[in-house]
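A.B. asks: I'd like to ask some things about the structure below.
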Amino acid sequence: MSKRRTFLFHAGAGTLSVLWLLPIALVLLTSIRSFEDVAANGLGSFPRSFTLAPFGEAWNAGGESRAMLNSLVVTLPTVFFALGLSAAAAFALSRFDIPFRRTILLLMLGGNLLPPQILLVPVSKLAELLGIYDTLTALVIVQVGFGLGFYTFVLQGFMRTIPGEIQQAAVIDGAGPVRIFLSVILPLTRPALAALGALAFTWTFNDLLWAITVLRTETVMPVTPALLGLQGQYVSTWNVIAAGSVIAAIPTVGVFLRFQKHFISGLAIGAVK
C-alpha cells in the first residue's frame, strides 16, 4: 500500500510539474522563433527556426531597456528602505517592553489586509497633493509603505527567538541600542533578511497595480506595465511579446535562485516562531 501511495504521489507531482512547465516552455520556444515561423505554423507547433532577433527588438524598439532600468531604480531602494525600517521597528517591538506593542504590530499587519483596490484613488490623490505624482519616488514610497507591516511582522517573530542573554552580554560590554542592533541583532537576522529581500524584490519588480496608479508617463513605467504596452505595440508579433516576457522574468528568477535556500529556511523560521 505504501509503495502504491508513493507511486501515485510521484505520478501526480510529476504531472502537475509538467503542466506547470508547459506554458513556460511555450513562451521560451516562441521567443526564439521568427515571426514567419509563428505565423505560418502557429504557436503550438514545433519550432522550425531559431533567432534571437525578438530579444533585440523587445529590448530596443519595445522599450524594455528603459523599463528595466526604471524597475531597478524603484526596486533596489524599496528593498533597502523597507527592510531597514522594518528591521528597526521589529528590533524595538521584539527586544524592548514598549506599551501596546502587540496592538502596534497588529495595526501594522492589519494595513496589509485591506484590499488594495479601495486605496487606489486615495493614494493617487495623495501623490498629487504631495507633488510627486508620475515620479519613481512616489512608487518607491508607496511600495515601502505597503510592505512595512508584513516585513516587520516576520522580522519581529525571528528576532524574538534570539536569546536575551546575547543582548544582555552586549549591554554589559557597554553597547547601546544602536550598536546592539547593528552589530548583534542584524547579523543574527541575516537568514530572515535574505528571505524577505528576495520576496520584496520579486513583489516590487513584478508590481503592476501601484505602478499604473501613481505613474502616467510611458518613459517612467517599470517593466511590468511596459510589457503591457509591448503587447499593444506588437499585438500579433507573438515572438517579440514572448521575448519581452522572458527578459522581464530574468531578474526575479536570478534573485530567487541566488537566495532560495534563505528564502525557504529563513522565511519559514520567522513566520513559525
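Residues in the C-alpha cells are named by chain (A, B, ... in the order shown) and by number from 1 within that chain; ligands are numbered from 1 in the order shown.
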Within 8 Å of segment 138-156 of chain A, which residues of segment 201-266 of chain A show up? Give each one with its shortest atom-to-atom distance in Å (one decimal) and the two atoms involved, counting only C-alpha atoms, rows by chain then rising residue number, as JSON lines.
C.D. replies:
{"residue": "A:Thr204", "atom": "CA", "partner": "A:Gln143", "partner_atom": "CA", "distance": 6.9}
{"residue": "A:Trp210", "atom": "CA", "partner": "A:Leu139", "partner_atom": "CA", "distance": 7.0}
{"residue": "A:Ala211", "atom": "CA", "partner": "A:Leu139", "partner_atom": "CA", "distance": 6.5}
{"residue": "A:Val214", "atom": "CA", "partner": "A:Leu139", "partner_atom": "CA", "distance": 6.5}
{"residue": "A:Leu215", "atom": "CA", "partner": "A:Leu139", "partner_atom": "CA", "distance": 7.7}
A.B. asks: Just checking: using only C-alpha atoms, which residue out of A:Trp203, A:Phe7, A:Val253, A:Gly44 ends up closest to Ala25 of chain A?
C.D. replies: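 Ranking A:Trp203, A:Phe7, A:Val253, A:Gly44 by distance to Ala25 of chain A, first place goes to A:Gly44.
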A.B. asks: Could you tell me, as a ChimeraX atom specification, which residues of segment 4-224 of chain A DSSP assigns to alpha helix (DSSP H) when given the backbone?
C.D. replies: /A:4-31,35-41,53-59,64-95,101-110,120-130,136-159,164-172,177-180,186-188,190-205,209-214,223-224
A.B. asks: Would you export the selected residues with C-alpha atoms as a compact mmCIF listing (two decimals), in the first residue's frame, please?
C.D. replies:
# COMPACT_ATOMS: atom_id res chain seq x y z
CA ARG A 4 1.28 2.42 -4.29
CA ARG A 5 0.78 5.70 -2.43
CA THR A 6 4.36 6.69 -3.18
CA PHE A 7 3.86 5.92 -6.86
CA LEU A 8 0.60 7.88 -7.01
CA PHE A 9 2.21 10.81 -5.21
CA HIS A 10 5.16 10.96 -7.59
CA ALA A 11 2.92 10.47 -10.61
CA GLY A 12 0.62 13.27 -9.51
CA ALA A 13 3.51 15.59 -8.62
CA GLY A 14 5.20 14.84 -11.93
CA THR A 15 2.01 15.55 -13.88
CA LEU A 16 1.47 18.85 -12.08
CA SER A 17 5.11 19.81 -12.70
CA VAL A 18 4.76 19.12 -16.42
CA LEU A 19 1.52 21.10 -16.62
CA TRP A 20 3.16 23.98 -14.77
CA LEU A 21 6.25 23.96 -17.01
CA LEU A 22 4.38 23.70 -20.32
CA PRO A 23 3.42 27.42 -20.54
CA ILE A 24 6.97 28.42 -19.62
CA ALA A 25 8.39 26.14 -22.29
CA LEU A 26 5.92 27.53 -24.83
CA VAL A 27 7.00 31.12 -24.07
CA LEU A 28 10.69 30.21 -24.29
CA LEU A 29 10.26 28.40 -27.60
CA THR A 30 8.13 31.20 -29.04
CA SER A 31 10.72 33.81 -28.09
CA PHE A 35 7.63 35.83 -36.98
CA GLU A 36 7.25 33.96 -40.29
CA ASP A 37 7.57 30.62 -38.49
CA VAL A 38 4.95 31.51 -35.87
CA ALA A 39 2.56 33.00 -38.45
CA ALA A 40 2.83 30.04 -40.83
CA ASN A 41 2.79 27.15 -38.35
CA ALA A 53 16.18 38.96 -33.05
CA PRO A 54 12.94 39.15 -30.98
CA PHE A 55 15.01 39.84 -27.85
CA GLY A 56 16.81 42.71 -29.55
CA GLU A 57 13.56 44.16 -30.84
CA ALA A 58 11.87 43.91 -27.44
CA TRP A 59 14.93 45.38 -25.70
CA GLU A 64 12.39 47.06 -22.38
CA SER A 65 15.84 48.52 -21.68
CA ARG A 66 14.40 51.78 -20.30
CA ALA A 67 11.69 49.92 -18.40
CA MET A 68 14.22 47.53 -16.87
CA LEU A 69 16.28 50.47 -15.62
CA ASN A 70 13.15 52.08 -14.14
CA SER A 71 12.29 48.84 -12.35
CA LEU A 72 15.75 48.58 -10.82
CA VAL A 73 15.66 52.26 -9.78
CA VAL A 74 12.40 51.52 -7.93
CA THR A 75 13.14 48.01 -6.64
CA LEU A 76 16.61 48.42 -5.12
CA PRO A 77 15.80 51.47 -2.93
CA THR A 78 12.47 49.91 -1.99
CA VAL A 79 14.10 46.72 -0.73
CA PHE A 80 16.80 48.68 1.14
CA PHE A 81 14.48 51.14 2.88
CA ALA A 82 11.65 48.67 3.51
CA LEU A 83 13.90 46.08 5.15
CA GLY A 84 15.91 48.71 7.02
CA LEU A 85 12.86 50.39 8.54
CA SER A 86 11.16 47.05 9.21
CA ALA A 87 14.25 45.67 10.94
CA ALA A 88 14.47 48.76 13.18
CA ALA A 89 10.76 48.54 14.04
CA ALA A 90 10.97 44.79 14.65
CA PHE A 91 14.00 45.29 16.92
CA ALA A 92 12.13 47.77 19.06
CA LEU A 93 8.95 45.68 19.20
CA SER A 94 10.69 42.39 19.97
CA ARG A 95 13.54 43.38 22.29
CA ARG A 101 3.46 46.77 21.25
CA ARG A 102 1.13 43.92 20.31
CA THR A 103 -1.53 46.43 19.27
CA ILE A 104 1.03 48.36 17.23
CA LEU A 105 2.13 45.18 15.49
CA LEU A 106 -1.45 44.14 14.73
CA LEU A 107 -2.24 47.59 13.33
CA MET A 108 0.82 47.45 11.08
CA LEU A 109 -0.13 43.97 9.89
CA GLY A 110 -3.79 44.93 9.52
CA LEU A 120 -6.03 53.30 -5.34
CA VAL A 121 -7.84 56.64 -5.51
CA PRO A 122 -6.63 57.93 -2.08
CA VAL A 123 -3.02 57.00 -2.87
CA SER A 124 -3.22 58.66 -6.28
CA LYS A 125 -4.76 61.86 -4.84
CA LEU A 126 -2.20 61.97 -2.03
CA ALA A 127 0.65 61.66 -4.52
CA GLU A 128 -0.81 64.58 -6.48
CA LEU A 129 -1.14 66.71 -3.33
CA LEU A 130 2.49 66.00 -2.39
CA LEU A 136 9.54 56.98 -9.46
CA THR A 137 9.89 58.49 -5.99
CA ALA A 138 6.15 58.16 -5.47
CA LEU A 139 6.27 54.50 -6.43
CA VAL A 140 9.17 53.83 -4.03
CA ILE A 141 7.29 55.49 -1.15
CA VAL A 142 4.12 53.50 -1.87
CA GLN A 143 5.99 50.20 -2.11
CA VAL A 144 7.89 50.84 1.12
CA GLY A 145 4.76 51.90 2.98
CA PHE A 146 2.69 48.90 2.00
CA GLY A 147 5.47 46.43 2.73
CA LEU A 148 6.43 47.61 6.20
CA GLY A 149 3.67 45.80 8.07
CA PHE A 150 4.38 42.32 6.73
CA TYR A 151 8.17 42.63 6.88
CA THR A 152 8.03 43.92 10.46
CA PHE A 153 5.74 41.06 11.49
CA VAL A 154 8.10 38.42 10.10
CA LEU A 155 11.28 40.03 11.43
CA GLN A 156 9.96 40.55 14.96
CA GLY A 157 8.97 36.90 15.09
CA PHE A 158 12.50 35.96 14.08
CA MET A 159 14.17 38.40 16.49
CA GLY A 164 18.10 37.58 25.56
CA GLU A 165 21.45 36.67 27.13
CA ILE A 166 23.20 37.80 23.94
CA GLN A 167 21.72 41.27 24.24
CA GLN A 168 22.44 41.39 27.98
CA ALA A 169 26.07 40.50 27.35
CA ALA A 170 26.32 43.32 24.83
CA VAL A 171 24.81 45.75 27.36
CA ILE A 172 27.36 44.68 29.97
CA PRO A 177 20.72 50.10 21.49
CA VAL A 178 22.07 51.23 18.11
CA ARG A 179 25.27 49.23 18.49
CA ILE A 180 23.33 46.16 19.64
CA LEU A 186 21.16 42.30 12.38
CA PRO A 187 23.91 39.70 11.74
CA LEU A 188 21.84 37.06 13.52
CA ARG A 190 20.57 37.59 8.14
CA PRO A 191 18.58 34.46 7.05
CA ALA A 192 15.26 36.23 7.54
CA LEU A 193 16.54 39.39 5.86
CA ALA A 194 17.74 37.38 2.86
CA ALA A 195 14.39 35.63 2.60
CA LEU A 196 12.42 38.86 2.82
CA GLY A 197 14.86 40.57 0.47
CA ALA A 198 14.15 38.01 -2.24
CA LEU A 199 10.44 38.27 -1.58
CA ALA A 200 10.44 42.08 -1.57
CA PHE A 201 12.49 42.19 -4.77
CA THR A 202 10.04 39.87 -6.52
CA TRP A 203 6.94 41.71 -5.31
CA THR A 204 8.26 45.15 -6.18
CA PHE A 205 9.82 44.24 -9.51
CA LEU A 209 -1.17 47.80 -9.76
CA TRP A 210 0.69 50.55 -7.91
CA ALA A 211 2.79 51.42 -10.94
CA ILE A 212 -0.22 52.27 -13.08
CA THR A 213 -1.82 54.05 -10.10
CA VAL A 214 0.90 56.65 -9.40
CA VAL A 223 8.98 46.65 -16.78
CA THR A 224 5.61 45.06 -15.99
A.B. asks: Could you check how far atom CA of Ile241 of chain A sits from atom CA of Ala226 of chain A, in Å to one decimal?
C.D. replies: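 If I compute the distance from atom CA of Ile241 of chain A to atom CA of Ala226 of chain A, I get 10.9 Å.
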A.B. asks: So what do you get for atom CA of Ile132 of chain A versus atom CA of Leu119 of chain A, distance-wise?
C.D. replies: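 Computing the Euclidean distance for atom CA of Ile132 of chain A and atom CA of Leu119 of chain A yields 17.0 Å.
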